[in-house]
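J.: Provided below: target-v3.tsv, containing TSV, C-alpha atoms and all ligand atoms.
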chain	number	residue	atom	x	y	z
A	1	MET	CA	105.37	114.63	109.55
A	2	LEU	CA	106.96	114.54	112.95
A	3	VAL	CA	107.20	111.45	115.11
A	4	HIS	CA	108.56	111.08	118.55
A	5	ALA	CA	107.78	109.20	121.71
A	6	ILE	CA	107.52	110.04	125.37
A	7	PRO	CA	109.33	107.02	126.81
A	8	GLY	CA	108.04	104.53	129.32
A	9	ASN	CA	107.00	105.40	132.77
A	10	VAL	CA	104.34	102.77	132.98
A	11	ASN	CA	103.51	102.51	136.52
A	12	TYR	CA	102.75	98.92	137.42
A	13	ASP	CA	104.33	96.04	139.22
A	14	PHE	CA	103.94	92.77	137.34
A	15	ALA	CA	105.35	90.57	140.12
A	16	ALA	CA	103.08	92.08	142.79
A	17	ASP	CA	99.98	91.83	140.58
A	18	VAL	CA	100.76	88.18	139.73
A	19	ARG	CA	101.26	87.37	143.41
A	20	ASP	CA	98.02	89.09	144.44
A	21	GLY	CA	95.99	87.51	141.66
A	22	LEU	CA	97.21	83.93	142.11
A	23	THR	CA	97.47	83.69	145.87
A	24	ARG	CA	94.08	85.13	146.81
A	25	ARG	CA	91.33	82.87	148.10
A	26	GLY	CA	88.55	82.03	145.67
A	27	GLN	CA	88.78	82.77	141.94
A	28	LYS	CA	92.38	83.23	140.81
A	29	GLU	CA	92.80	86.16	138.47
A	30	LEU	CA	95.42	87.92	136.32
A	31	PRO	CA	94.88	91.48	135.03
A	32	SER	CA	94.21	91.43	131.31
A	33	LYS	CA	96.61	94.28	130.55
A	34	TYR	CA	99.46	91.80	130.97
A	35	LEU	CA	98.27	89.84	127.91
A	36	TYR	CA	99.85	92.52	125.73
A	37	ASP	CA	103.61	92.05	125.83
A	38	ASP	CA	105.41	91.87	122.46
A	39	VAL	CA	104.27	88.29	121.78
A	40	GLY	CA	100.74	88.98	123.01
A	41	SER	CA	100.38	92.14	120.92
A	42	ALA	CA	101.53	90.24	117.82
A	43	LEU	CA	99.08	87.40	118.54
A	44	PHE	CA	96.23	89.85	119.05
A	45	GLU	CA	97.07	91.36	115.69
A	46	VAL	CA	96.59	87.86	114.20
A	47	ILE	CA	93.28	87.41	116.08
A	48	SER	CA	92.01	90.58	114.44
A	49	HIS	CA	92.39	88.89	111.03
A	50	LEU	CA	90.60	85.64	111.97
A	51	PRO	CA	87.29	84.99	110.22
A	52	GLU	CA	85.63	84.16	113.56
A	53	TYR	CA	86.64	87.46	115.18
A	54	GLY	CA	84.69	90.07	113.23
A	55	LEU	CA	85.08	92.80	115.83
A	56	THR	CA	88.19	94.58	114.58
A	57	ARG	CA	87.07	94.49	110.95
A	58	ALA	CA	83.67	95.92	111.89
A	59	ASP	CA	85.41	98.70	113.81
A	60	GLU	CA	87.64	99.42	110.84
A	61	ARG	CA	84.78	99.36	108.30
A	62	LEU	CA	82.77	101.85	110.34
A	63	LEU	CA	85.72	104.19	110.67
A	64	ARG	CA	86.56	103.97	106.98
A	65	ARG	CA	83.00	104.53	105.77
A	66	ASN	CA	82.14	107.30	108.18
A	67	ALA	CA	85.48	109.07	108.62
A	68	HIS	CA	84.36	112.31	106.96
A	69	GLU	CA	81.08	112.49	108.79
A	70	ILE	CA	82.84	111.84	112.09
A	71	VAL	CA	85.39	114.57	111.45
A	72	ASP	CA	82.66	117.02	110.41
A	73	ARG	CA	80.87	116.44	113.69
A	74	VAL	CA	83.91	116.96	115.91
A	75	ALA	CA	84.48	120.51	117.14
A	76	GLY	CA	87.76	121.82	115.76
A	77	PRO	CA	90.56	122.55	115.89
A	78	ALA	CA	91.13	119.25	117.65
A	79	ALA	CA	94.04	117.13	118.77
A	80	VAL	CA	93.39	113.39	118.51
A	81	VAL	CA	94.25	111.18	121.51
A	82	GLU	CA	93.91	107.42	121.19
A	83	LEU	CA	93.71	105.23	124.29
A	84	GLY	CA	95.18	101.83	123.47
A	85	ALA	CA	96.30	102.58	119.94
A	86	GLY	CA	97.27	99.04	118.94
A	87	SER	CA	98.70	98.80	115.43
A	88	GLY	CA	97.09	102.09	114.33
A	89	ARG	CA	95.75	100.48	111.17
A	90	LYS	CA	92.10	101.36	111.73
A	91	THR	CA	92.88	104.88	112.91
A	92	ARG	CA	94.39	105.77	109.54
A	93	TRP	CA	91.00	106.58	107.95
A	94	LEU	CA	90.09	109.05	110.64
A	95	LEU	CA	93.48	110.69	110.72
A	96	GLU	CA	93.56	111.12	106.96
A	97	ALA	CA	90.17	112.82	107.13
A	98	PHE	CA	91.35	115.07	109.98
A	99	CYS	CA	94.56	115.98	108.21
A	100	ARG	CA	92.60	117.03	105.15
A	101	ARG	CA	90.87	119.60	107.35
A	102	GLN	CA	93.88	120.85	109.28
A	103	GLN	CA	97.37	120.01	110.48
A	104	THR	CA	96.67	117.42	113.19
A	105	SER	CA	98.46	116.25	116.31
A	106	TYR	CA	97.93	112.60	117.11
A	107	TYR	CA	98.78	111.25	120.57
A	108	PRO	CA	98.61	107.45	120.85
A	109	VAL	CA	98.66	106.24	124.47
A	110	GLU	CA	99.82	102.64	124.86
A	111	ILE	CA	101.38	100.47	127.56
A	112	SER	CA	102.92	98.26	124.90
A	113	ARG	CA	106.06	99.82	123.46
A	114	SER	CA	106.04	97.51	120.45
A	115	ALA	CA	102.43	98.45	119.63
A	116	LEU	CA	103.43	102.11	119.89
A	117	VAL	CA	106.34	101.61	117.51
A	118	MET	CA	104.08	99.70	115.07
A	119	CYS	CA	101.47	102.41	115.21
A	120	GLU	CA	103.96	105.23	114.61
A	121	ARG	CA	105.47	103.36	111.68
A	122	GLU	CA	102.04	102.63	110.19
A	123	LEU	CA	100.81	106.23	110.31
A	124	SER	CA	103.87	108.39	109.84
A	125	ASP	CA	103.37	108.74	106.07
A	126	ILE	CA	100.15	110.77	106.46
A	127	ASP	CA	100.61	114.37	105.33
A	128	ALA	CA	100.10	117.12	107.88
A	129	ILE	CA	100.28	114.84	110.90
A	130	SER	CA	102.49	115.07	113.94
A	131	ILE	CA	102.65	112.01	116.16
A	132	VAL	CA	103.77	111.95	119.77
A	133	GLY	CA	103.40	108.54	121.38
A	134	PHE	CA	102.95	108.15	125.14
A	135	GLU	CA	104.01	104.88	126.74
A	136	ARG	CA	101.52	105.21	129.57
A	137	GLU	CA	98.39	103.79	131.13
A	138	TYR	CA	95.22	105.32	129.63
A	139	LEU	CA	94.34	107.97	132.20
A	140	ASP	CA	97.95	108.96	132.93
A	141	GLY	CA	98.53	109.45	129.20
A	142	LEU	CA	95.31	111.41	128.73
A	143	LEU	CA	96.15	113.68	131.67
A	144	GLU	CA	99.51	114.42	130.16
A	145	VAL	CA	98.08	115.17	126.74
A	146	ALA	CA	95.44	117.42	128.30
A	147	ALA	CA	98.25	119.38	129.95
A	148	TYR	CA	99.69	120.07	126.46
A	149	ARG	CA	96.37	121.45	125.21
A	150	LYS	CA	96.65	124.77	123.37
A	151	PRO	CA	94.13	127.55	124.05
A	152	GLY	CA	90.96	127.02	121.99
A	153	GLN	CA	91.95	123.48	121.05
A	154	HIS	CA	89.52	120.61	121.54
A	155	LEU	CA	90.45	117.07	122.39
A	156	PHE	CA	88.99	114.20	120.42
A	157	VAL	CA	89.55	110.94	122.31
A	158	LEU	CA	89.40	107.56	120.56
A	159	PHE	CA	88.62	104.50	122.63
A	160	LEU	CA	88.08	101.91	119.93
A	161	GLY	CA	87.95	98.14	119.54
A	162	SER	CA	85.54	97.64	122.43
A	163	THR	CA	88.15	97.91	125.18
A	164	ILE	CA	85.37	99.41	127.32
A	165	GLY	CA	83.86	95.90	127.27
A	166	ASN	CA	86.83	94.63	129.25
A	167	PHE	CA	85.59	96.61	132.26
A	168	ASP	CA	82.52	95.37	134.10
A	169	ARG	CA	79.56	97.73	133.64
A	170	VAL	CA	80.06	99.66	136.87
A	171	ALA	CA	83.79	100.07	136.26
A	172	GLY	CA	82.99	101.12	132.67
A	173	VAL	CA	80.89	104.07	133.89
A	174	LYS	CA	83.59	104.96	136.37
A	175	PHE	CA	86.30	104.89	133.71
A	176	LEU	CA	84.27	107.04	131.30
A	177	SER	CA	83.59	109.51	134.14
A	178	GLN	CA	87.32	109.73	134.79
A	179	VAL	CA	87.90	110.43	131.10
A	180	ARG	CA	85.12	113.04	131.20
A	181	ASN	CA	86.73	114.78	134.18
A	182	ILE	CA	89.94	115.30	132.23
A	183	LEU	CA	88.02	116.75	129.27
A	184	GLN	CA	86.31	120.10	128.76
A	185	PRO	CA	82.73	120.66	127.57
A	186	GLU	CA	82.34	120.02	123.82
A	187	ASP	CA	85.42	117.80	123.67
A	188	SER	CA	84.40	114.44	122.25
A	189	LEU	CA	84.96	110.74	122.65
A	190	LEU	CA	84.54	108.12	119.95
A	191	LEU	CA	83.71	104.89	121.76
A	192	GLY	CA	83.77	101.49	120.05
A	193	THR	CA	81.42	98.90	121.58
A	194	ASP	CA	80.76	95.30	120.66
A	195	LEU	CA	77.02	94.59	120.68
A	196	GLU	CA	75.15	91.56	121.95
A	197	LYS	CA	75.15	88.57	119.62
A	198	SER	CA	74.44	84.84	119.68
A	199	ARG	CA	76.22	82.47	122.04
A	200	SER	CA	77.69	80.50	119.17
A	201	ASP	CA	79.11	83.59	117.45
A	202	LEU	CA	80.63	84.70	120.74
A	203	LEU	CA	82.16	81.35	121.58
A	204	ARG	CA	83.69	81.05	118.13
A	205	ALA	CA	85.10	84.58	118.33
A	206	TYR	CA	86.82	83.86	121.64
A	207	ASP	CA	87.88	80.27	120.99
A	208	ASP	CA	88.89	80.05	117.35
A	209	GLU	CA	89.57	76.89	115.42
A	210	LEU	CA	93.24	77.63	114.80
A	211	GLY	CA	93.94	78.14	118.47
A	212	VAL	CA	95.33	81.66	118.13
A	213	THR	CA	93.16	82.98	120.97
A	214	ALA	CA	94.25	80.01	123.08
A	215	ALA	CA	97.90	80.87	122.34
A	216	PHE	CA	97.21	84.53	123.16
A	217	ASN	CA	95.73	83.59	126.52
A	218	LEU	CA	98.39	80.95	127.35
A	219	ASN	CA	101.11	83.45	126.48
A	220	LEU	CA	100.31	85.10	129.79
A	221	LEU	CA	101.67	82.03	131.58
A	222	ALA	CA	104.64	81.92	129.20
A	223	ARG	CA	105.28	85.58	130.03
A	224	ILE	CA	105.29	84.80	133.76
A	225	ASN	CA	107.82	82.05	133.01
A	226	ARG	CA	109.99	84.45	130.97
A	227	GLU	CA	109.84	87.46	133.22
A	228	LEU	CA	109.38	86.02	136.68
A	229	GLY	CA	111.23	82.72	136.34
A	230	ALA	CA	108.10	80.59	136.89
A	231	ASP	CA	107.72	76.96	135.89
A	232	PHE	CA	104.23	76.87	134.37
A	233	HIS	CA	104.02	73.82	132.09
A	234	LEU	CA	101.75	75.16	129.35
A	235	PRO	CA	100.30	71.80	128.17
A	236	HIS	CA	98.87	71.43	131.68
A	237	PHE	CA	96.57	74.41	131.12
A	238	LYS	CA	93.74	74.92	128.67
A	239	HIS	CA	92.18	78.10	127.27
A	240	VAL	CA	88.44	78.27	127.99
A	241	ALA	CA	85.88	80.84	126.82
A	242	LYS	CA	82.55	80.85	128.67
A	243	ILE	CA	79.43	82.93	128.47
A	244	ASN	CA	78.30	84.70	131.62
A	245	GLU	CA	74.57	85.23	130.91
A	246	GLU	CA	74.00	87.43	133.91
A	247	ALA	CA	76.90	89.79	133.22
A	248	ARG	CA	76.27	89.57	129.43
A	249	SER	CA	79.93	88.89	128.88
A	250	VAL	CA	82.34	86.30	127.55
A	251	GLU	CA	84.91	85.28	130.14
A	252	MET	CA	88.35	83.96	129.28
A	253	HIS	CA	90.00	81.55	131.67
A	254	LEU	CA	93.01	79.25	131.83
A	255	ARG	CA	91.95	75.92	133.30
A	256	SER	CA	94.34	73.63	135.12
A	257	LYS	CA	94.08	70.12	133.67
A	258	ARG	CA	95.30	68.47	136.87
A	259	HIS	CA	96.27	69.10	140.43
A	260	GLN	CA	99.63	70.89	140.22
A	261	VAL	CA	101.99	73.25	142.00
A	262	VAL	CA	103.78	76.09	140.22
A	263	SER	CA	106.54	78.21	141.65
A	264	ILE	CA	107.08	81.82	140.67
A	265	PRO	CA	110.41	82.79	142.25
A	266	GLN	CA	110.40	86.47	141.33
A	267	ALA	CA	106.90	86.89	142.72
A	268	GLU	CA	107.99	84.99	145.82
A	269	SER	CA	105.07	82.60	145.46
A	270	VAL	CA	104.24	78.96	145.16
A	271	VAL	CA	100.77	78.41	143.77
A	272	GLU	CA	98.65	75.29	144.04
A	273	PHE	CA	95.99	74.49	141.43
A	274	GLU	CA	93.18	72.01	141.85
A	275	ASP	CA	92.21	69.86	138.90
A	276	GLY	CA	89.76	72.02	136.86
A	277	GLU	CA	90.50	75.24	138.75
A	278	THR	CA	90.76	78.33	136.54
A	279	ILE	CA	92.62	81.62	136.34
A	280	TRP	CA	90.29	84.33	135.05
A	281	THR	CA	92.19	86.52	132.57
A	282	GLU	CA	89.63	88.71	130.80
A	283	SER	CA	85.96	89.48	130.36
A	284	SER	CA	84.41	91.08	127.31
A	285	HIS	CA	81.02	92.66	128.04
A	286	LYS	CA	78.54	93.12	125.25
A	287	TYR	CA	76.25	96.13	125.04
A	288	SER	CA	72.91	97.16	123.60
A	289	LEU	CA	72.66	100.47	121.73
A	290	ASN	CA	70.38	102.13	124.31
A	291	GLU	CA	72.52	101.02	127.16
A	292	ILE	CA	75.56	102.75	125.66
A	293	CYS	CA	73.72	106.09	125.66
A	294	ASP	CA	72.60	105.57	129.28
A	295	THR	CA	76.16	104.71	130.26
A	296	ALA	CA	77.45	107.79	128.43
A	297	ARG	CA	74.92	110.04	130.18
A	298	GLN	CA	75.86	108.69	133.59
A	299	ALA	CA	79.47	109.56	132.83
A	300	GLY	CA	78.69	113.15	131.76
A	301	PHE	CA	78.52	112.75	127.98
A	302	ARG	CA	75.64	113.07	125.54
A	303	CYS	CA	75.32	110.48	122.83
A	304	GLN	CA	75.46	112.33	119.52
A	305	VAL	CA	75.52	109.61	116.85
A	306	GLN	CA	75.76	105.82	116.76
A	307	TRP	CA	76.97	104.02	113.65
A	308	VAL	CA	76.28	100.27	113.49
A	309	ASP	CA	78.03	97.75	111.24
A	310	GLU	CA	75.82	95.65	108.98
A	311	GLN	CA	77.89	92.48	109.12
A	312	TRP	CA	78.99	92.19	112.73
A	313	PRO	CA	76.93	93.79	115.53
A	314	PHE	CA	79.29	96.54	116.62
A	315	ALA	CA	78.78	100.28	117.17
A	316	GLU	CA	80.88	103.39	116.96
A	317	ASN	CA	79.41	105.98	119.36
A	318	LEU	CA	80.21	109.67	119.17
A	319	LEU	CA	79.88	111.10	122.69
A	320	VAL	CA	80.19	114.78	123.50
A	321	ALA	CA	81.28	116.08	126.91
A	322	GLU	CA	78.51	118.12	128.57
A	401	LIG	N1	89.68	92.99	124.45
A	401	LIG	C1	89.44	92.24	123.25
A	401	LIG	C2	88.03	91.69	123.27
A	401	LIG	O1	87.40	91.71	124.29
A	401	LIG	C3	90.60	91.32	123.16
A	401	LIG	C4	90.48	89.83	123.08
A	401	LIG	C5	90.10	89.12	121.99
A	401	LIG	C6	90.84	88.90	124.09
A	401	LIG	N2	90.20	87.79	122.28
A	401	LIG	C7	90.65	87.63	123.54
A	401	LIG	C8	91.31	89.01	125.40
A	401	LIG	C9	90.92	86.47	124.30
A	401	LIG	C10	91.59	87.85	126.13
A	401	LIG	C11	91.41	86.59	125.57
A	401	LIG	O2	87.47	91.30	122.29
How does this structure look as structure tokens?
Ligand code: TRP

T.:
Amino acid sequence: MLVHAIPGNVNYDFAADVRDGLTRRGQKELPSKYLYDDVGSALFEVISHLPEYGLTRADERLLRRNAHEIVDRVAGPAAVVELGAGSGRKTRWLLEAFCRRQQTSYYPVEISRSALVMCERELSDIDAISIVGFEREYLDGLLEVAAYRKPGQHLFVLFLGSTIGNFDRVAGVKFLSQVRNILQPEDSLLLGTDLEKSRSDLLRAYDDELGVTAAFNLNLLARINRELGADFHLPHFKHVAKINEEARSVEMHLRSKRHQVVSIPQAESVVEFEDGETIWTESSHKYSLNEICDTARQAGFRCQVQWVDEQWPFAENLLVAE
């Protein structure tokens, strides 16, 4: 076992993104990647254990039950790259199956350093694994890993947990095409996708009884207070999940409970909120099985196998680069 990390060179500007998102005309918006600081990553870990949020457990069940079949279908020898590794818990099953076949290099790509540390700690006991973590945005990390590729080696990319759903459909195809362009023919991508389900199941999953999802969403304002010296008063905002029927998504917003003015010194902004006005923080698009294969084809992949969970409509899709 070998573990080391390629340290941070995450290339984003929190203050500029906050300023752009909150001072634009029309719908205010904050990029969802900023939900995942240390507190946010820990809260998301809790969300993944909530009874109402079946997504992560479905993902994990599918990986555990089908790990050997997945590994058998992936062209080897292969290095495993995971985009947005999170805690690494659900990846264990796949990596154990890979390591039984051959010594395996695992490259988690994560913008959250604490998630990267958690993931390395979680997986470092697996025999015959070497782990090199990249504190990078997805495509930057993947490009770097691809540059390390040994002759004859395939890449097997994991994009699990339905993160693809956080892009709108057009941006989803674009992102998968960008991934495809970094890959070579016969490399593969395992894509997790949350499937369409009832309104009530969706609303419960994104607005749980305990208020953990609300805390996760509100933490974004707390983070702006911590890092940019802002004076958001959290009780004056409310977490809201709403269904967008047309986009087939759940949208997460933070709604201002009154007319108020917030200053964000380090973003050089003063922001006015109307009573009821919202900041849009995330959307989670839900897919049908056929649509995933169409999307994959448009991005230059063929859809090889789809595994569907029996308890929570969720699919693991094995896509092969054409
Ligand atoms: N991206 C995950 C999802 O779409 C994360 C998530 C769960 C999330 N609950 C949330 C993001 C609430 C923002 C707000 O399921």

J.: Wanna dump the chain A-ligand LIG 401 (chain A) contacts at 6 Å for me, each residue with its shortest atom pair and the distance in Å to one decimal, counting only C-alpha atoms and all ligand atoms, ordered by chain and number, as a tab-separated table?

T.:
residue	atom	partner	partner_atom	distance
A:Thr163	CA	A:LIG401	N1	5.2
A:Asn166	CA	A:LIG401	O1	5.8
A:Tyr206	CA	A:LIG401	N2	5.2
A:Thr213	CA	A:LIG401	C9	5.3
A:Asn217	CA	A:LIG401	C11	5.3
A:Met252	CA	A:LIG401	C11	5.5
A:Glu282	CA	A:LIG401	C10	5.1
A:Ser284	CA	A:LIG401	O1	4.3

J.: Which residues of region 97-207 of chain A come within 9 Å of region 296-305 of chain A, and for each one, what is the closest pair of atoms and their distance in Å to one decimal, counting all atoms listed in the file, sorted by chain and residue number, as a tab-separated table?

T.:
residue	atom	partner	partner_atom	distance
A:Val173	CA	A:Ala299	CA	5.8
A:Lys174	CA	A:Ala299	CA	7.1
A:Phe175	CA	A:Ala299	CA	8.3
A:Leu176	CA	A:Ala299	CA	5.6
A:Ser177	CA	A:Ala299	CA	4.3
A:Gln178	CA	A:Ala299	CA	8.1
A:Val179	CA	A:Ala299	CA	8.6
A:Arg180	CA	A:Gly300	CA	6.5
A:Asn181	CA	A:Gly300	CA	8.6
A:Pro185	CA	A:Phe301	CA	9.0
A:Ser188	CA	A:Phe301	CA	8.4
A:Leu189	CA	A:Phe301	CA	8.6

J.: Report, in Å with one decimal, the straight-line distance from CA of Leu83 (chain A) to CA of Pro151 (chain A).

T.: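 If I compute the distance from CA of Leu83 (chain A) to CA of Pro151 (chain A), I get 22.3 Å.
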
J.: In Å, with one decimal, what is the gap from CA of Ala85 (chain A) to CA of Ile292 (chain A)?

T.: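 Answer for the CA of Ala85 (chain A) to CA of Ile292 (chain A) separation: 21.5 Å.
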
J.: As a PyMOL selection string, please: the residues near region 220-225 of chain A (cut-off 12 Å, all atoms listed in the file, same-chain neighbours under 2 positions excluded).

T.: chain A and resi 14-19+22+29-41+43+213-218+227-239+253-256+262-267+269+279-282

J.: Find the residue from A:Val74, A:Glu251, A:Leu319, A:Thr295 that sits nearest to Val170 (chain A); use all atoms listed in the file when measuring.

T.: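 Among A:Val74, A:Glu251, A:Leu319, A:Thr295, it is A:Thr295 that comes nearest to Val170 (chain A).
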
J.: Can you list, as a PyMOL selection string, every protein, DNA or RNA residue that comes within 7 Å of Asp275 (chain A) when you count all atoms listed in the file, leaving out same-chain residues fewer than 6 positions away?

T.: chain A and resi 256-259

J.: Measuring between only C-alpha atoms, which one of A:Ala42, A:Ala146, A:Leu63, A:Ala75 shows the shortest distance to Leu160 (chain A)?

T.: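 Among the listed residues, A:Leu63 lies closest to Leu160 (chain A).
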
J.: Nearest to Pro108 (chain A): which of A:Arg65, A:Val80, A:Ile126, A:Thr56 is it, counting only C-alpha atoms?

T.: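 Closest to Pro108 (chain A), using only C-alpha atoms: A:Val80.
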
J.: CA of Cys99 (chain A) to CA of Asn66 (chain A): how many Å, to one decimal?

T.: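 Those two atoms sit 15.2 Å apart.
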